[in-house]
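Below is one structure; the comments refer to it alone.
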Amino acid sequence: MINFEDDTIKTTDITSLQVLAPVHGIPIGIETAKNWECVEKFQARSDDVLISTYPKAGTTWMCEIVDMIYNGGDLEKCRRDTIYNRVPYLEFQMPGMPSGVEQLEATPSPRLVKTHLPIQLMPESFWEKNSKVIYVARNAKDVAVSYFLFHKMVKSLPDPGPWDVFLESYMKGDVCYGSWHDHVKGWWEKKNDYNILYLFYEDLKEKRKSEIRKILQFLEIEMSDDILEKIAYHTSFEEMKNNDMVNYKTLPKEVLDQSSTSFMRKGVVGDWKNHFTVTQNEKFDEDYKRQMSGTDLHFKTET
């Protein structure tokens, strides 16, 4: 179990973590890179459910939905602990704390697992065990904005600089976990090769109940309409924003500073319009067209 004690924060120089290092060409956090062998050798189980996303694409949302499904919609059971302990983060590494791998090894089956890794960096054991994977993809523009603001909150991430500088880095894939374009395409192209349910953030916003039904069918779980309704209600943005077991308010300011903006900020489709200039949007669209050519993957960028 991860417990962010004050003395751990004091003995950990957070600024020393603000470095990215390449793993097979993908920039990731320095601590994860240094301990990569532990991630690579991770042993999945056949009843694991992996929740995979590029950062800021609805990860916590999907983790809470799946945990609620596994607990039959029982809100109190889902408030037994923070979301980062209920759904351990596979590649998590921070000095003085249990790693994600260590956390998962101590977790009884069936385990829920969170990752942001691109598909080519996934431990082979997930495919060998035919573990179920739920991938959530969100449109590139809203992710860019959310990721930029997230960098301002998370003390272990590199300083993003001003918005225009970060946007350039993001388009080039020079950010933690690399290119958004490669990430969403990589998982999309393999969705029929492995046990993968590929979902879209925008669909979850528009028709949450029908998307939850897809998840239930994928997980081979039967559920009454009443319980499904309850899960849909408690996983609404408004409810989750006020739930301290999922809104990351349990983390100290030294790790996640939510004083200027909250971890659960807006949760809408199309907020990018409030941040992109006309010129930035035109340049982004041109680059997007080039990077996404040859794929049948399409996203909604507004409601």
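Residues are named by chain letter and number: chains run A, B, ... in the order of the structure tokens, numbers start at 1 in each chain, and ligands are numbered from 1 in the order shown.
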
* Asked: Any idea what's packed within 10 Å of Ile221 in chain A, counting only C-alpha atoms, ignoring anything in its chain fewer than 3 positions away? Could you give it as a PyMOL selection string?
  -> chain A and resi 69-70+72+213+215-218

Output of the above residues as a compact mmCIF listing (two decimals), in the first residue's frame, restricted to N, CA and C atoms:
```txt
# COMPACT_ATOMS: atom_id res chain seq x y z
N ILE A 69 -17.70 -1.92 -10.53
CA ILE A 69 -18.26 -3.13 -11.13
C ILE A 69 -17.86 -4.35 -10.31
N TYR A 70 -16.58 -4.45 -9.97
CA TYR A 70 -16.08 -5.61 -9.22
C TYR A 70 -16.62 -5.66 -7.79
N GLY A 72 -19.80 -4.72 -7.13
CA GLY A 72 -21.25 -4.77 -7.25
C GLY A 72 -21.95 -3.45 -6.99
N ARG A 213 -22.15 -0.90 -20.07
CA ARG A 213 -22.67 -2.21 -20.53
C ARG A 213 -21.63 -2.93 -21.38
N ILE A 215 -18.44 -2.66 -21.07
CA ILE A 215 -17.42 -3.12 -20.13
C ILE A 215 -17.89 -4.40 -19.43
N LEU A 216 -19.14 -4.40 -18.99
CA LEU A 216 -19.70 -5.59 -18.32
C LEU A 216 -19.65 -6.81 -19.23
N GLN A 217 -20.02 -6.60 -20.48
CA GLN A 217 -20.00 -7.71 -21.45
C GLN A 217 -18.57 -8.21 -21.65
N PHE A 218 -17.64 -7.29 -21.75
CA PHE A 218 -16.22 -7.64 -21.93
C PHE A 218 -15.68 -8.41 -20.73
```

ask   = How would you write, as a ChimeraX atom specification, the set of residues in range 54-257 of chain A that DSSP gives as alpha helix (DSSP H)?
value = /A:59-70,75-78,83-86,100-105,125-128,140-153,163-172,180-189,201-206,208-219,225-234,237-241

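The shortest atom-to-atom distance to Arg138 in chain A, with only C-alpha atoms taken into account, belongs to A:Val184 out of A:Leu17, A:Val49, A:Leu112, A:Val184.
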
For Gly58 in chain A, the closest of A:Asp81, A:Glu102, A:Glu202, A:Asp74 counting only C-alpha atoms is A:Glu202

*Pull the strand (DSSP E or B) assignments for range 23-179 of chain A out of DSSP run on the backbone, and list those residues as a VMD selection string.*
chain A and resid 23 26 to 29 49 to 53 89 112 to 115 132 to 137 154

For this session: Determine, counting only C-alpha atoms, which protein, DNA and RNA residues have an atom within 9 Å of an atom of Ala232 in chain A; residues of the same chain fewer than 5 positions away are not included. Present the result as a list of chain:residue names.
Result: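 Neighbouring residues, sequence-local ones excluded: A:Ile65, A:Arg208, A:Lys209, A:Ile212, A:Ile227.
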
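Taking only C-alpha atoms into account, Gly294 in chain A lies nearest to A:Glu189 out of the set A:Tyr233, A:Glu189, A:Ala144, A:Met94.
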
### Pick from A:Glu239, A:Val145, A:Lys289, A:Asp174, whichever lies nearest to Asp271 in chain A using only C-alpha atoms
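Of the candidates, the smallest distance to Asp271 in chain A is held by A:Val145.
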
Worksheet item: Between A:Ser293, A:Ser146, A:Asn130, A:Asn195, which one has atoms that come closest to Ala44 in chain A, using only C-alpha atoms?
Response: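 Closest candidate: A:Asn130.
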
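In this structure, CA of Thr277 in chain A sits 23.7 Å away from CA of Tyr201 in chain A.
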
### Message
Env of Lys132 in chain A: 8 Å cut, atoms = only C-alpha atoms, seq-sep filter 3 positions within chain, self excluded. Answer as a count of residues only.
### Response
9

* Do you know which residues are at most 9 Å from Glu64 in chain A counting only C-alpha atoms, after dropping those on the same chain fewer than 2 positions away, and could you put them as an MDAnalysis selection string? -> chainID A and resid 59:62 66:69 78 83 86:87 235 240 246

Would you put the residues from that selection into a file with all heavy atoms, as a CSV table (one decimal), in the first residue's frame?
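Below is the file selection-v9.csv, written as the result:
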```csv
chain,number,residue,atom,x,y,z
A,59,THR,N,-8.1,8.0,-17.0
A,59,THR,CA,-7.6,6.8,-16.3
A,59,THR,C,-8.3,6.6,-15.0
A,59,THR,O,-8.8,5.5,-14.7
A,59,THR,CB,-6.1,7.0,-16.0
A,59,THR,OG1,-5.5,7.8,-17.0
A,59,THR,CG2,-5.4,5.7,-15.8
A,60,THR,N,-8.4,7.6,-14.1
A,60,THR,CA,-9.0,7.5,-12.8
A,60,THR,C,-10.5,7.2,-13.0
A,60,THR,O,-11.0,6.4,-12.2
A,60,THR,CB,-8.8,8.8,-12.0
A,60,THR,OG1,-7.4,9.0,-11.9
A,60,THR,CG2,-9.4,8.7,-10.6
A,61,TRP,N,-11.1,7.8,-13.9
A,61,TRP,CA,-12.5,7.5,-14.2
A,61,TRP,C,-12.8,6.0,-14.5
A,61,TRP,O,-13.6,5.4,-13.9
A,61,TRP,CB,-12.9,8.4,-15.4
A,61,TRP,CG,-14.4,8.5,-15.7
A,61,TRP,CD1,-15.4,8.2,-14.8
A,61,TRP,CD2,-15.0,9.1,-16.8
A,61,TRP,NE1,-16.6,8.5,-15.4
A,61,TRP,CE2,-16.4,9.0,-16.7
A,61,TRP,CE3,-14.4,9.6,-18.0
A,61,TRP,CZ2,-17.3,9.5,-17.6
A,61,TRP,CZ3,-15.3,10.1,-19.0
A,61,TRP,CH2,-16.7,10.0,-18.8
A,62,MET,N,-12.0,5.5,-15.4
A,62,MET,CA,-12.2,4.1,-15.7
A,62,MET,C,-11.8,3.1,-14.6
A,62,MET,O,-12.4,2.1,-14.3
A,62,MET,CB,-11.3,3.7,-17.0
A,62,MET,CG,-11.5,2.3,-17.5
A,62,MET,SD,-13.3,1.8,-17.7
A,62,MET,CE,-13.8,2.9,-19.1
A,66,VAL,N,-14.5,0.4,-13.1
A,66,VAL,CA,-14.2,-1.0,-13.0
A,66,VAL,C,-14.2,-1.5,-11.6
A,66,VAL,O,-14.7,-2.6,-11.3
A,66,VAL,CB,-12.9,-1.4,-13.7
A,66,VAL,CG1,-12.6,-2.9,-13.6
A,66,VAL,CG2,-13.0,-1.0,-15.2
A,67,ASP,N,-13.6,-0.7,-10.7
A,67,ASP,CA,-13.6,-1.1,-9.2
A,67,ASP,C,-15.1,-1.2,-8.7
A,67,ASP,O,-15.4,-2.1,-8.0
A,67,ASP,CB,-12.8,-0.2,-8.4
A,67,ASP,CG,-12.6,-0.7,-7.0
A,67,ASP,OD1,-12.1,-1.8,-6.8
A,67,ASP,OD2,-12.9,0.1,-6.0
A,68,MET,N,-15.9,-0.3,-9.2
A,68,MET,CA,-17.3,-0.3,-8.7
A,68,MET,C,-18.0,-1.6,-9.3
A,68,MET,O,-18.8,-2.2,-8.6
A,68,MET,CB,-18.1,0.9,-9.2
A,68,MET,CG,-17.7,2.2,-8.3
A,68,MET,SD,-19.1,3.3,-8.2
A,68,MET,CE,-20.2,2.6,-7.0
A,69,ILE,N,-17.7,-1.9,-10.5
A,69,ILE,CA,-18.3,-3.1,-11.1
A,69,ILE,C,-17.9,-4.4,-10.3
A,69,ILE,O,-18.7,-5.2,-10.0
A,69,ILE,CB,-17.8,-3.3,-12.6
A,69,ILE,CG1,-18.5,-2.3,-13.5
A,69,ILE,CG2,-18.0,-4.7,-13.1
A,69,ILE,CD1,-18.0,-2.2,-14.9
A,78,CYS,N,-16.0,0.7,-2.2
A,78,CYS,CA,-15.2,1.4,-3.1
A,78,CYS,C,-14.5,2.6,-2.4
A,78,CYS,O,-13.6,3.2,-3.0
A,78,CYS,CB,-15.9,1.9,-4.4
A,78,CYS,SG,-16.5,0.6,-5.4
A,83,ILE,N,-7.9,5.5,-4.7
A,83,ILE,CA,-7.9,4.8,-6.0
A,83,ILE,C,-6.5,4.3,-6.4
A,83,ILE,O,-6.4,3.2,-7.0
A,83,ILE,CB,-8.5,5.7,-7.1
A,83,ILE,CG1,-8.8,4.9,-8.4
A,83,ILE,CG2,-7.5,6.9,-7.4
A,83,ILE,CD1,-10.0,4.0,-8.3
A,86,ARG,N,-6.3,1.0,-4.6
A,86,ARG,CA,-7.3,0.0,-5.1
A,86,ARG,C,-6.9,-0.5,-6.5
A,86,ARG,O,-7.1,-1.7,-6.9
A,86,ARG,CB,-8.7,0.6,-5.2
A,86,ARG,CG,-9.3,0.7,-3.8
A,86,ARG,CD,-10.7,1.2,-3.9
A,86,ARG,NE,-10.8,2.7,-4.1
A,86,ARG,CZ,-11.6,3.3,-4.9
A,86,ARG,NH1,-12.4,2.7,-5.6
A,86,ARG,NH2,-11.6,4.6,-5.0
A,87,VAL,N,-6.3,0.4,-7.3
A,87,VAL,CA,-5.8,0.0,-8.7
A,87,VAL,C,-4.4,0.5,-8.8
A,87,VAL,O,-4.1,1.6,-9.2
A,87,VAL,CB,-6.7,0.7,-9.7
A,87,VAL,CG1,-6.3,0.2,-11.1
A,87,VAL,CG2,-8.2,0.5,-9.5
A,235,THR,N,-20.1,7.4,-10.8
A,235,THR,CA,-18.9,7.7,-11.6
A,235,THR,C,-19.1,8.9,-12.5
A,235,THR,O,-18.4,9.1,-13.4
A,235,THR,CB,-18.5,6.5,-12.4
A,235,THR,OG1,-19.6,6.0,-13.2
A,235,THR,CG2,-18.1,5.3,-11.5
A,240,MET,N,-17.5,12.2,-8.5
A,240,MET,CA,-16.1,11.8,-8.3
A,240,MET,C,-15.3,13.0,-7.9
A,240,MET,O,-14.4,12.8,-7.0
A,240,MET,CB,-15.5,11.2,-9.6
A,240,MET,CG,-16.0,9.8,-9.9
A,240,MET,SD,-15.3,9.0,-11.4
A,240,MET,CE,-13.6,9.0,-11.0
A,246,VAL,N,-11.0,9.4,-4.7
A,246,VAL,CA,-10.7,9.4,-6.2
A,246,VAL,C,-10.1,10.7,-6.7
A,246,VAL,O,-9.5,10.8,-7.7
A,246,VAL,CB,-11.8,8.9,-7.1
A,246,VAL,CG1,-12.2,7.5,-6.9
A,246,VAL,CG2,-13.1,9.8,-6.9
```

Residues of range 176-200 of chain A at most 7 Å from range 23-32 of chain A: nearest atom pair and distance in Å, only C-alpha atoms, as a tab-separated table:
```
residue	atom	partner	partner_atom	distance
A:Cys176	CA	A:Ile28	CA	4.9
A:Tyr177	CA	A:Ile28	CA	5.4
A:Gly178	CA	A:Ile26	CA	5.4
```

Any chance you can output those residues with N, CA, C and O atoms as a compact mmCIF listing (two decimals), in the first residue's frame?
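Once everything was written out, this is part.txt:
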```txt
# COMPACT_ATOMS: atom_id res chain seq x y z
N CYS A 176 6.63 12.93 -21.11
CA CYS A 176 6.58 11.63 -20.45
C CYS A 176 5.57 10.71 -21.13
O CYS A 176 4.43 11.11 -21.37
N TYR A 177 5.98 9.53 -21.49
CA TYR A 177 5.23 8.49 -22.22
C TYR A 177 5.19 8.74 -23.72
O TYR A 177 4.52 8.02 -24.45
N GLY A 178 5.93 9.75 -24.18
CA GLY A 178 6.12 9.91 -25.61
C GLY A 178 4.93 10.45 -26.38
O GLY A 178 4.09 11.17 -25.84
```
